[in-house]
file start.csv (CSV, C-alpha atoms)
chain,number,residue,atom,x,y,z
R,11,MET,CA,64.4,-91.9,106.4
R,12,SER,CA,61.5,-90.0,107.8
R,13,GLN,CA,59.8,-87.2,105.8
R,14,PRO,CA,60.3,-83.7,107.1
R,15,THR,CA,57.3,-82.4,109.0
R,16,ALA,CA,55.4,-79.5,107.3
R,17,VAL,CA,53.6,-76.7,109.0
R,18,PRO,CA,50.0,-76.9,107.9
R,19,PRO,CA,48.4,-73.9,106.2
R,20,PHE,CA,46.1,-71.7,108.4
R,21,ALA,CA,42.6,-71.1,107.3
R,22,VAL,CA,39.7,-68.9,108.5
R,23,ILE,CA,36.2,-70.3,108.1
R,24,SER,CA,33.4,-67.8,108.4
R,25,GLY,CA,29.9,-68.2,109.9
R,26,ALA,CA,28.4,-68.3,106.4
R,27,GLN,CA,30.7,-71.1,105.4
R,28,VAL,CA,29.9,-73.0,108.6
R,29,ARG,CA,26.2,-72.7,108.0
R,30,ARG,CA,26.6,-74.0,104.4
R,31,ALA,CA,28.6,-77.0,105.6
R,32,LEU,CA,26.0,-77.9,108.3
R,33,HIS,CA,22.7,-77.0,106.5
R,34,ASN,CA,20.3,-79.9,106.3
R,35,ARG,CA,22.9,-82.3,107.9
R,36,GLU,CA,21.0,-83.0,111.1
R,37,LYS,CA,21.2,-86.8,110.8
R,38,GLN,CA,24.9,-86.8,109.8
R,39,VAL,CA,25.8,-84.4,112.7
R,40,THR,CA,23.8,-86.4,115.3
R,41,ASP,CA,25.5,-89.6,114.2
R,42,LEU,CA,28.8,-87.8,114.5
R,43,VAL,CA,28.0,-86.6,118.0
R,44,GLU,CA,27.0,-90.2,119.0
R,45,ALA,CA,30.3,-91.5,117.7
R,46,THR,CA,32.2,-88.8,119.6
R,47,TYR,CA,30.4,-89.7,122.8
R,48,ARG,CA,31.4,-93.3,122.3
R,49,LEU,CA,35.0,-92.3,121.7
R,50,HIS,CA,34.9,-90.2,124.9
R,51,ALA,CA,33.4,-93.1,126.9
R,52,ALA,CA,36.1,-95.4,125.6
R,53,GLY,CA,38.8,-93.0,126.8
R,54,ASP,CA,40.0,-91.9,123.4
R,55,SER,CA,39.8,-88.2,124.3
R,56,VAL,CA,41.1,-85.6,126.6
R,57,ASN,CA,38.5,-83.2,127.9
R,58,PRO,CA,39.8,-81.2,130.9
R,59,PRO,CA,37.6,-78.9,132.9
R,60,SER,CA,36.3,-75.8,131.2
R,61,TYR,CA,37.7,-72.5,132.4
R,62,PHE,CA,35.2,-69.7,133.3
R,63,LEU,CA,36.3,-66.1,132.9
R,64,ARG,CA,33.9,-63.9,135.0
R,65,PHE,CA,33.8,-60.2,135.5
R,66,PRO,CA,33.1,-58.3,138.8
R,67,ASP,CA,31.7,-55.4,136.8
R,68,ARG,CA,29.6,-57.6,134.5
R,69,PRO,CA,28.3,-60.4,136.8
R,70,ASN,CA,25.8,-61.9,134.4
R,71,SER,CA,28.4,-62.3,131.6
R,72,ARG,CA,31.2,-64.8,131.1
R,73,ILE,CA,33.6,-66.2,128.6
R,74,ILE,CA,34.4,-70.0,128.7
R,75,ALA,CA,37.5,-71.8,127.4
R,76,LEU,CA,36.9,-75.5,126.4
R,77,PRO,CA,40.1,-77.2,125.5
R,78,ALA,CA,39.9,-80.8,124.2
R,79,SER,CA,41.4,-83.5,122.1
R,80,ILE,CA,39.6,-86.3,120.3
R,81,GLY,CA,41.1,-89.5,118.7
R,82,GLY,CA,39.5,-92.1,116.5
R,83,GLN,CA,39.4,-91.1,112.8
R,84,ILE,CA,38.9,-87.4,113.8
R,85,ARG,CA,42.3,-86.9,115.5
R,86,VAL,CA,42.3,-83.3,116.3
R,87,ASP,CA,43.0,-81.0,119.2
R,88,GLY,CA,41.7,-77.6,119.9
R,89,LEU,CA,39.9,-74.9,121.9
R,90,LYS,CA,36.5,-73.3,121.9
R,91,TRP,CA,36.4,-69.8,123.3
R,92,ILE,CA,32.7,-68.8,123.8
R,93,SER,CA,31.2,-65.7,125.4
R,94,SER,CA,27.8,-65.3,126.9
R,95,PHE,CA,26.7,-61.7,127.3
R,96,PRO,CA,22.9,-61.7,127.9
R,97,ASP,CA,22.6,-57.9,127.8
R,98,ASN,CA,23.5,-58.1,124.0
R,99,VAL,CA,19.9,-59.3,123.3
R,100,ALA,CA,18.4,-55.9,124.4
R,101,ALA,CA,20.9,-54.3,122.0
R,102,GLY,CA,19.7,-56.4,119.1
R,103,ILE,CA,22.7,-58.7,118.8
R,104,PRO,CA,23.1,-62.4,119.8
R,105,ARG,CA,23.9,-63.3,123.4
R,106,ALA,CA,26.7,-65.7,122.4
R,107,SER,CA,29.7,-65.4,120.2
R,108,ALA,CA,32.5,-67.9,119.7
R,109,VAL,CA,35.5,-69.1,117.8
R,110,LEU,CA,37.0,-72.5,117.6
R,111,ILE,CA,40.7,-73.2,117.0
R,112,LEU,CA,41.7,-76.6,115.5
R,113,ASN,CA,45.2,-77.8,116.1
R,114,ASP,CA,47.1,-80.3,114.0
R,115,HIS,CA,47.4,-83.7,115.8
R,116,ASP,CA,51.1,-84.3,114.8
R,117,THR,CA,52.6,-80.8,115.0
R,118,GLY,CA,50.3,-79.0,117.4
R,119,TYR,CA,50.1,-76.1,115.0
R,120,PRO,CA,46.7,-74.4,114.7
R,121,PHE,CA,45.4,-74.9,111.2
R,122,ALA,CA,42.0,-73.3,111.3
R,123,CYS,CA,39.9,-70.7,113.1
R,124,LEU,CA,36.2,-71.1,112.7
R,125,GLU,CA,33.2,-69.0,113.7
R,126,SER,CA,31.8,-71.2,116.4
R,127,SER,CA,28.5,-69.9,117.7
R,128,ILE,CA,26.8,-71.9,114.9
R,129,ILE,CA,29.0,-75.0,115.7
R,130,SER,CA,28.2,-74.7,119.4
R,131,ALA,CA,24.4,-74.4,118.8
R,132,THR,CA,24.6,-77.3,116.3
R,133,ARG,CA,26.4,-79.7,118.6
R,134,THR,CA,24.1,-78.7,121.5
R,135,ALA,CA,21.0,-79.4,119.4
R,136,ALA,CA,22.5,-82.7,118.1
R,137,MET,CA,23.2,-84.0,121.6
R,138,ALA,CA,19.7,-83.1,122.6
R,139,ALA,CA,18.2,-84.9,119.6
R,140,LEU,CA,20.5,-87.9,120.4
R,141,ALA,CA,19.3,-88.0,124.0
R,142,ALA,CA,15.7,-87.7,122.9
R,143,ASP,CA,16.1,-90.7,120.7
R,144,ARG,CA,18.1,-92.9,123.0
R,145,LEU,CA,16.4,-92.1,126.3
R,146,GLY,CA,12.9,-91.8,124.7
R,147,ARG,CA,13.1,-95.4,123.5
R,148,ALA,CA,12.4,-96.5,127.1
R,149,LEU,CA,9.2,-94.5,127.5
R,150,PRO,CA,5.9,-96.3,127.3
R,151,GLN,CA,4.8,-94.0,124.4
R,152,ARG,CA,6.8,-91.8,122.1
R,153,PRO,CA,6.4,-88.2,123.2
R,154,ALA,CA,3.8,-86.4,121.1
R,155,ARG,CA,3.8,-83.1,123.0
R,156,VAL,CA,6.9,-81.0,123.3
R,157,GLY,CA,7.4,-77.9,125.5
R,158,PHE,CA,10.1,-75.4,125.0
R,159,PHE,CA,11.1,-73.5,128.2
R,160,GLY,CA,13.2,-70.7,126.8
R,161,THR,CA,12.9,-69.6,123.1
R,162,GLY,CA,16.2,-68.3,121.9
R,163,LEU,CA,18.7,-69.5,119.3
R,164,ILE,CA,19.3,-72.9,121.1
R,165,ALA,CA,15.6,-73.7,121.2
R,166,ARG,CA,15.3,-73.0,117.5
R,167,TYR,CA,18.3,-75.3,116.7
R,168,ILE,CA,17.0,-78.1,119.0
R,169,HIS,CA,13.6,-77.9,117.2
R,170,THR,CA,15.4,-78.1,113.8
R,171,PHE,CA,17.4,-81.2,114.9
R,172,LEU,CA,14.4,-82.9,116.4
R,173,ALA,CA,12.5,-82.5,113.2
R,174,GLY,CA,15.6,-83.4,111.1
R,175,THR,CA,16.0,-86.7,113.0
R,176,GLY,CA,12.4,-87.9,112.6
R,177,TRP,CA,10.5,-86.3,115.4
R,178,SER,CA,7.0,-84.9,114.8
R,179,PHE,CA,4.7,-83.5,117.5
R,180,GLU,CA,0.9,-83.1,117.8
R,181,GLU,CA,1.4,-80.1,120.1
R,182,ILE,CA,4.3,-77.7,120.6
R,183,GLY,CA,4.2,-75.6,123.8
R,184,VAL,CA,6.3,-72.4,124.2
R,185,HIS,CA,7.2,-70.4,127.3
R,186,ASP,CA,9.6,-67.6,127.9
R,187,LEU,CA,10.0,-64.8,130.5
R,188,SER,CA,10.0,-62.5,127.5
R,189,ALA,CA,6.6,-62.4,125.9
R,190,ASP,CA,8.1,-61.0,122.7
R,191,SER,CA,10.6,-63.9,122.6
R,192,ALA,CA,7.8,-66.5,123.1
R,193,ALA,CA,5.7,-64.9,120.4
R,194,GLY,CA,8.6,-64.7,118.1
R,195,PHE,CA,9.5,-68.4,118.5
R,196,ALA,CA,5.8,-69.4,118.1
R,197,GLY,CA,5.6,-67.2,114.9
R,198,TYR,CA,8.8,-68.9,113.6
R,199,LEU,CA,7.3,-72.3,114.1
R,200,GLN,CA,4.0,-71.5,112.4
R,201,GLN,CA,5.6,-69.7,109.5
R,202,SER,CA,8.1,-72.6,108.9
R,203,GLY,CA,5.2,-75.0,108.4
R,204,THR,CA,5.9,-77.0,111.5
R,205,PRO,CA,3.2,-79.6,111.9
R,206,GLY,CA,1.2,-79.6,115.2
R,207,ARG,CA,-0.6,-77.0,117.2
R,208,VAL,CA,1.6,-74.3,118.6
R,209,THR,CA,0.6,-72.8,122.0
R,210,VAL,CA,2.2,-70.0,124.0
R,211,HIS,CA,1.9,-70.7,127.7
R,212,GLN,CA,2.1,-67.8,130.2
R,213,ASP,CA,2.3,-70.3,133.1
R,214,PRO,CA,5.4,-72.5,133.3
R,215,GLU,CA,3.6,-75.1,135.3
R,216,GLU,CA,1.0,-75.4,132.5
R,217,LEU,CA,3.7,-75.8,129.9
R,218,ILE,CA,5.4,-78.6,131.8
R,219,ARG,CA,2.3,-80.5,132.8
R,220,SER,CA,1.0,-80.4,129.2
R,221,SER,CA,4.3,-81.8,127.7
R,222,ASP,CA,5.6,-85.3,127.3
R,223,MET,CA,9.1,-83.9,126.4
R,224,VAL,CA,10.3,-80.7,128.0
R,225,VAL,CA,13.3,-78.7,126.6
R,226,PHE,CA,15.0,-76.3,128.9
R,227,ALA,CA,17.1,-73.8,126.9
R,228,THR,CA,17.4,-70.7,129.1
R,229,ILE,CA,20.2,-68.6,130.5
R,230,ALA,CA,19.2,-69.2,134.1
R,231,ALA,CA,22.0,-68.9,136.6
R,232,LYS,CA,20.2,-70.8,139.4
R,233,PRO,CA,17.1,-73.1,139.7
R,234,HIS,CA,13.7,-71.5,139.1
R,235,VAL,CA,11.5,-74.6,138.8
R,236,ALA,CA,11.2,-76.2,142.2
R,237,ASP,CA,8.0,-78.3,142.4
R,238,PRO,CA,8.5,-82.0,141.7
R,239,SER,CA,4.7,-82.5,141.3
R,240,TRP,CA,4.9,-80.6,138.0
R,241,PHE,CA,6.6,-83.6,136.6
R,242,SER,CA,4.3,-86.3,138.0
R,243,HIS,CA,3.4,-87.4,134.5
R,244,ASN,CA,7.0,-88.6,134.0
R,245,PRO,CA,8.1,-86.6,131.0
R,246,LEU,CA,11.4,-86.8,129.2
R,247,VAL,CA,13.3,-83.6,130.2
R,248,LEU,CA,16.2,-82.3,128.1
R,249,HIS,CA,17.7,-80.0,130.7
R,250,VAL,CA,20.1,-78.4,128.2
R,251,SER,CA,20.7,-75.2,130.2
R,252,LEU,CA,21.7,-77.2,133.2
R,253,ARG,CA,20.7,-74.9,136.0
R,254,ASP,CA,16.9,-74.7,135.8
R,255,LEU,CA,15.8,-77.5,138.1
R,256,ALA,CA,15.8,-77.5,141.9
R,257,PRO,CA,17.7,-80.5,143.4
R,258,GLU,CA,14.4,-82.0,144.7
R,259,ILE,CA,13.2,-82.5,141.1
R,260,LEU,CA,16.4,-84.4,140.2
R,261,LEU,CA,16.1,-86.5,143.4
R,262,ALA,CA,12.7,-87.6,142.2
R,263,SER,CA,13.9,-88.5,138.7
R,264,ALA,CA,16.2,-90.8,136.7
R,265,ASN,CA,19.2,-88.6,135.9
R,266,PHE,CA,21.6,-88.9,132.9
R,267,VAL,CA,24.5,-86.7,132.2
R,268,ASP,CA,27.1,-86.6,129.4
R,269,ASP,CA,30.1,-86.5,131.7
R,270,VAL,CA,29.9,-86.9,135.5
R,271,GLU,CA,32.9,-84.8,136.5
R,272,HIS,CA,32.0,-81.9,134.1
R,273,CYS,CA,28.3,-81.8,135.1
R,274,LEU,CA,28.8,-81.9,138.8
R,275,LYS,CA,30.5,-78.5,139.3
R,276,ALA,CA,29.9,-74.8,138.9
R,277,ASP,CA,26.6,-75.0,140.8
R,278,THR,CA,24.7,-76.8,138.1
R,279,SER,CA,21.5,-78.5,139.2
R,280,PRO,CA,23.2,-81.9,139.4
R,281,HIS,CA,26.0,-80.2,141.4
R,282,LEU,CA,23.5,-78.7,143.8
R,283,ALA,CA,21.8,-82.2,144.2
R,284,GLU,CA,25.2,-83.6,145.1
R,285,GLN,CA,25.8,-80.9,147.6
R,286,LEU,CA,22.4,-81.4,149.2
R,287,THR,CA,22.8,-85.2,149.5
R,288,GLY,CA,26.5,-85.6,149.9
R,289,SER,CA,26.4,-88.3,147.3
R,290,ARG,CA,26.2,-89.0,143.6
R,291,ASP,CA,23.8,-91.9,144.0
R,292,PHE,CA,21.0,-89.9,142.4
R,293,LEU,CA,22.8,-90.3,139.0
R,294,THR,CA,21.5,-93.2,136.9
R,295,GLY,CA,24.3,-93.0,134.4
R,296,THR,CA,25.7,-91.2,131.4
R,297,LEU,CA,24.1,-91.0,127.9
R,298,ALA,CA,26.9,-93.3,126.7
R,299,ASP,CA,25.9,-95.8,129.4
R,300,ALA,CA,22.3,-95.7,128.1
R,301,MET,CA,23.5,-96.1,124.4
R,302,SER,CA,25.6,-99.1,125.2
R,303,GLY,CA,23.0,-100.8,127.4
R,304,LYS,CA,25.1,-100.6,130.5
R,305,VAL,CA,22.2,-99.0,132.3
R,306,GLN,CA,18.5,-99.2,131.7
R,307,VAL,CA,16.3,-96.2,131.4
R,308,PRO,CA,13.4,-96.5,133.9
R,309,ASP,CA,9.8,-95.6,132.8
R,310,ASP,CA,8.3,-95.1,136.3
R,311,ARG,CA,9.7,-91.5,136.9
R,312,PRO,CA,10.8,-88.4,135.0
R,313,VAL,CA,13.9,-88.9,132.9
R,314,VAL,CA,16.2,-85.9,133.0
R,315,PHE,CA,19.2,-85.4,130.7
R,316,SER,CA,21.5,-82.7,132.0
R,317,PRO,CA,24.5,-82.3,129.6
R,318,PHE,CA,27.4,-80.0,130.2
R,319,GLY,CA,28.3,-80.0,126.5
R,320,LEU,CA,31.8,-81.3,126.0
R,321,GLY,CA,34.6,-79.6,124.0
R,322,VAL,CA,35.2,-82.8,122.1
R,323,LEU,CA,31.8,-82.3,120.4
R,324,ASP,CA,32.8,-78.9,119.2
R,325,LEU,CA,36.1,-80.4,117.8
R,326,ALA,CA,34.3,-83.2,116.0
R,327,VAL,CA,31.7,-80.8,114.4
R,328,GLY,CA,34.4,-78.2,113.7
R,329,LYS,CA,36.6,-80.8,111.9
R,330,TYR,CA,33.5,-81.9,109.9
R,331,VAL,CA,33.0,-78.3,108.8
R,332,TYR,CA,36.7,-77.9,107.9
R,333,ASP,CA,36.7,-81.1,105.9
R,334,GLU,CA,33.5,-80.2,104.0
R,335,THR,CA,34.8,-76.7,103.3
R,336,GLU,CA,38.1,-78.1,102.1
R,337,ARG,CA,36.3,-80.6,99.9
R,338,ALA,CA,34.3,-77.8,98.3
R,339,GLY,CA,37.5,-76.0,97.5
R,340,GLN,CA,36.5,-73.0,99.6
R,341,LEU,CA,39.1,-72.8,102.4
R,342,GLN,CA,40.3,-69.2,102.9
R,343,VAL,CA,44.0,-69.7,103.7
R,344,VAL,CA,45.9,-66.9,105.3
R,345,ASP,CA,49.3,-66.8,103.5
R,346,ASP,CA,52.4,-66.6,105.7
R,347,PHE,CA,50.3,-66.7,108.9
R,348,PHE,CA,53.2,-68.6,110.6
R,349,HIS,CA,56.3,-66.7,109.4
R,350,GLU,CA,59.3,-67.5,111.7
R,351,LEU,CA,59.8,-71.1,110.7
R,352,ARG,CA,63.6,-71.4,110.7
R,353,ARG,CA,65.3,-71.9,114.0
R,354,TYR,CA,68.3,-69.7,113.1
R,355,GLY,CA,66.7,-67.4,110.6
call {"tool": "encode", "arguments": {"input": "start.csv", "output": "structure tokens"}}
result
Amino acid sequence: MSQPTAVPPFAVISGAQVRRALHNREKQVTDLVEATYRLHAAGDSVNPPSYFLRFPDRPNSRIIALPASIGGQIRVDGLKWISSFPDNVAAGIPRASAVLILNDHDTGYPFACLESSIISATRTAAMAALAADRLGRALPQRPARVGFFGTGLIARYIHTFLAGTGWSFEEIGVHDLSADSAAGFAGYLQQSGTPGRVTVHQDPEELIRSSDMVVFATIAAKPHVADPSWFSHNPLVLHVSLRDLAPEILLASANFVDDVEHCLKADTSPHLAEQLTGSRDFLTGTLADAMSGKVQVPDDRPVVFSPFGLGVLDLAVGKYVYDETERAGQLQVVDDFFHELRRYG
């Protein structure tokens, strides 16, 4: 006789708890992101298109819904609901805010709501660090000079994950449209004891030409870097913000994405390249293809990784946070959250 199905308790996990669960876990989280990409490539996931809620009266703002389901040992469904309101920065609060809902695999009941801006930044940084490792292995020399184009929260997290997964640089370049932001990030790097010389570049071309690895972490809505000659030294480009590069740069590069269908939409740089050429032939493969050896990473042109950032990654990291918080005995359960549990009262 089958056991009756129980409704799982519902917990709320704060940003402070999320940060404690993820602090100094860069290697573990990057390994988790790699495993999740492999599950996704094997078809053990459901990751439908993200939904963009846009506002006619606030055209630079948006809220995105990322539903997903992941199998393997993680076995969880859920939804990330993340907003991007760039005008927040001028008001002194972060641009992005988010929550993550985790749903029970067997009953469908939500069992946790987590603060998710930290989870989102963490999984973004982890996938960048993973790409740097896997795509960087094919380069003739390991990158010794990194340049950060955009210096907000995501740049800080990517730097933390690069350092936490074994990267060290002789030179760190910094560029941002906001001089205050660039100076603030440079000051953070210097005060945190980061090895290597830190340089603030006023000229974006100078930043790119002086970097073996370039990290784009901006809020650009359309391409603003258009000259392929800036990349003639064949750097590794972590195009995390997805809309910085003109199609001509991608057409002169080896291009890797995390998911083809997700990346080639919503006027991302890869989507614009597809529209320009009428083809997807400019794509070399996915990151999972490179990890499995299905495709080789060339060393005779720039290598560009343009990730959309999949909802399955948020679920995997969120479930990791939930499990760590439960293991520590610190789950904050909301009693009687689901109240009407009898069909006929």
call {"tool": "atom_distance", "arguments": {"input": "start.csv", "atom1": "CA of Ala264 in chain R", "atom2": "CA of Pro245 in chain R"}}
result
10.8 Å
call {"tool": "residues_around", "arguments": {"input": "start.csv", "residues": "Val184 in chain R", "least_positions_apart": "3", "cutoff": "9 Å", "atoms": "only C-alpha atoms", "output": "ChimeraX atom specification"}}
result
/R:156-161,192-193,195-196,208-212,217
call {"tool": "residues_around", "arguments": {"input": "start.csv", "residues": "Gly146 in chain R", "least_positions_apart": "6", "cutoff": "8 Å", "atoms": "all atoms listed in the file", "output": "list in words"}}
result
Arg152, Pro153 and Leu246 of chain R
call {"tool": "residues_around", "arguments": {"input": "start.csv", "residues": "Pro120 in chain R", "least_positions_apart": "6", "cutoff": "10 Å", "atoms": "all atoms listed in the file", "output": "list in words"}}
result
Val17, Pro18, Pro19, Phe20, Ala21, Asp87, Gly88, Leu89, Ile111, Leu112, Asn113, Asp114 and Phe348 of chain R
call {"tool": "residues_around", "arguments": {"input": "start.csv", "residues": "Ala52 in chain R", "least_positions_apart": "6", "cutoff": "12 Å", "atoms": "only C-alpha atoms", "output": "number ranges by chain"}}
result
R: 45-46, 80-82, 298-299, 302
call {"tool": "atom_distance", "arguments": {"input": "start.csv", "atom1": "CA of Ile23 in chain R", "atom2": "CA of Leu124 in chain R"}}
result
4.7 Å
call {"tool": "build_atoms", "arguments": {"input": "start.csv", "residues": "range 16-26 of chain R", "atoms": "all heavy atoms", "output": "PDB file, keeping the file's coordinate frame"}}
result
ATOM      1  N   ALA R  16      55.827 -80.831 107.831  1.00  0.00           N
ATOM      2  CA  ALA R  16      55.400 -79.500 107.300  1.00  0.00           C
ATOM      3  C   ALA R  16      54.490 -78.815 108.202  1.00  0.00           C
ATOM      4  O   ALA R  16      53.694 -79.441 108.899  1.00  0.00           O
ATOM      5  CB  ALA R  16      54.779 -79.747 105.900  1.00  0.00           C
ATOM      6  N   VAL R  17      54.594 -77.505 108.206  1.00  0.00           N
ATOM      7  CA  VAL R  17      53.600 -76.700 109.000  1.00  0.00           C
ATOM      8  C   VAL R  17      52.363 -76.582 108.150  1.00  0.00           C
ATOM      9  O   VAL R  17      52.385 -76.204 106.976  1.00  0.00           O
ATOM     10  CB  VAL R  17      54.237 -75.279 109.212  1.00  0.00           C
ATOM     11  CG1 VAL R  17      53.183 -74.364 109.834  1.00  0.00           C
ATOM     12  CG2 VAL R  17      55.459 -75.380 110.116  1.00  0.00           C
ATOM     13  N   PRO R  18      51.230 -76.918 108.715  1.00  0.00           N
ATOM     14  CA  PRO R  18      50.000 -76.900 107.900  1.00  0.00           C
ATOM     15  C   PRO R  18      49.591 -75.431 107.638  1.00  0.00           C
ATOM     16  O   PRO R  18      49.888 -74.516 108.413  1.00  0.00           O
ATOM     17  CB  PRO R  18      48.963 -77.530 108.877  1.00  0.00           C
ATOM     18  CG  PRO R  18      49.512 -77.314 110.253  1.00  0.00           C
ATOM     19  CD  PRO R  18      50.998 -77.362 110.114  1.00  0.00           C
ATOM     20  N   PRO R  19      48.932 -75.212 106.510  1.00  0.00           N
ATOM     21  CA  PRO R  19      48.400 -73.900 106.200  1.00  0.00           C
ATOM     22  C   PRO R  19      47.318 -73.508 107.223  1.00  0.00           C
ATOM     23  O   PRO R  19      46.650 -74.384 107.779  1.00  0.00           O
ATOM     24  CB  PRO R  19      47.860 -73.995 104.806  1.00  0.00           C
ATOM     25  CG  PRO R  19      47.562 -75.446 104.640  1.00  0.00           C
ATOM     26  CD  PRO R  19      48.595 -76.171 105.445  1.00  0.00           C
ATOM     27  N   PHE R  20      47.131 -72.203 107.438  1.00  0.00           N
ATOM     28  CA  PHE R  20      46.100 -71.700 108.400  1.00  0.00           C
ATOM     29  C   PHE R  20      44.977 -71.115 107.649  1.00  0.00           C
ATOM     30  O   PHE R  20      45.154 -70.234 106.810  1.00  0.00           O
ATOM     31  CB  PHE R  20      46.773 -70.700 109.339  1.00  0.00           C
ATOM     32  CG  PHE R  20      45.851 -70.240 110.440  1.00  0.00           C
ATOM     33  CD1 PHE R  20      45.683 -71.003 111.584  1.00  0.00           C
ATOM     34  CD2 PHE R  20      45.141 -69.051 110.318  1.00  0.00           C
ATOM     35  CE1 PHE R  20      44.836 -70.585 112.594  1.00  0.00           C
ATOM     36  CE2 PHE R  20      44.295 -68.631 111.324  1.00  0.00           C
ATOM     37  CZ  PHE R  20      44.136 -69.397 112.471  1.00  0.00           C
ATOM     38  N   ALA R  21      43.764 -71.588 107.966  1.00  0.00           N
ATOM     39  CA  ALA R  21      42.600 -71.100 107.300  1.00  0.00           C
ATOM     40  C   ALA R  21      41.594 -70.483 108.264  1.00  0.00           C
ATOM     41  O   ALA R  21      41.549 -70.840 109.442  1.00  0.00           O
ATOM     42  CB  ALA R  21      41.875 -72.295 106.570  1.00  0.00           C
ATOM     43  N   VAL R  22      40.813 -69.546 107.761  1.00  0.00           N
ATOM     44  CA  VAL R  22      39.700 -68.900 108.500  1.00  0.00           C
ATOM     45  C   VAL R  22      38.412 -69.296 107.847  1.00  0.00           C
ATOM     46  O   VAL R  22      38.261 -69.120 106.631  1.00  0.00           O
ATOM     47  CB  VAL R  22      39.883 -67.395 108.585  1.00  0.00           C
ATOM     48  CG1 VAL R  22      38.684 -66.756 109.267  1.00  0.00           C
ATOM     49  CG2 VAL R  22      41.174 -67.018 109.306  1.00  0.00           C
ATOM     50  N   ILE R  23      37.480 -69.838 108.631  1.00  0.00           N
ATOM     51  CA  ILE R  23      36.200 -70.300 108.100  1.00  0.00           C
ATOM     52  C   ILE R  23      35.089 -69.431 108.729  1.00  0.00           C
ATOM     53  O   ILE R  23      34.915 -69.422 109.950  1.00  0.00           O
ATOM     54  CB  ILE R  23      35.970 -71.775 108.383  1.00  0.00           C
ATOM     55  CG1 ILE R  23      37.080 -72.603 107.713  1.00  0.00           C
ATOM     56  CG2 ILE R  23      34.604 -72.234 107.894  1.00  0.00           C
ATOM     57  CD1 ILE R  23      36.988 -74.095 107.966  1.00  0.00           C
ATOM     58  N   SER R  24      34.381 -68.712 107.890  1.00  0.00           N
ATOM     59  CA  SER R  24      33.400 -67.800 108.400  1.00  0.00           C
ATOM     60  C   SER R  24      32.088 -68.453 108.795  1.00  0.00           C
ATOM     61  O   SER R  24      31.844 -69.632 108.487  1.00  0.00           O
ATOM     62  CB  SER R  24      33.046 -66.755 107.256  1.00  0.00           C
ATOM     63  OG  SER R  24      32.315 -67.405 106.216  1.00  0.00           O
ATOM     64  N   GLY R  25      31.228 -67.687 109.474  1.00  0.00           N
ATOM     65  CA  GLY R  25      29.900 -68.200 109.900  1.00  0.00           C
ATOM     66  C   GLY R  25      29.086 -68.648 108.699  1.00  0.00           C
ATOM     67  O   GLY R  25      28.360 -69.649 108.761  1.00  0.00           O
ATOM     68  N   ALA R  26      29.161 -67.896 107.616  1.00  0.00           N
ATOM     69  CA  ALA R  26      28.400 -68.300 106.400  1.00  0.00           C
ATOM     70  C   ALA R  26      28.859 -69.603 105.868  1.00  0.00           C
ATOM     71  O   ALA R  26      28.042 -70.440 105.448  1.00  0.00           O
ATOM     72  CB  ALA R  26      28.536 -67.174 105.356  1.00  0.00           C
TER      73      ALA R  26
END
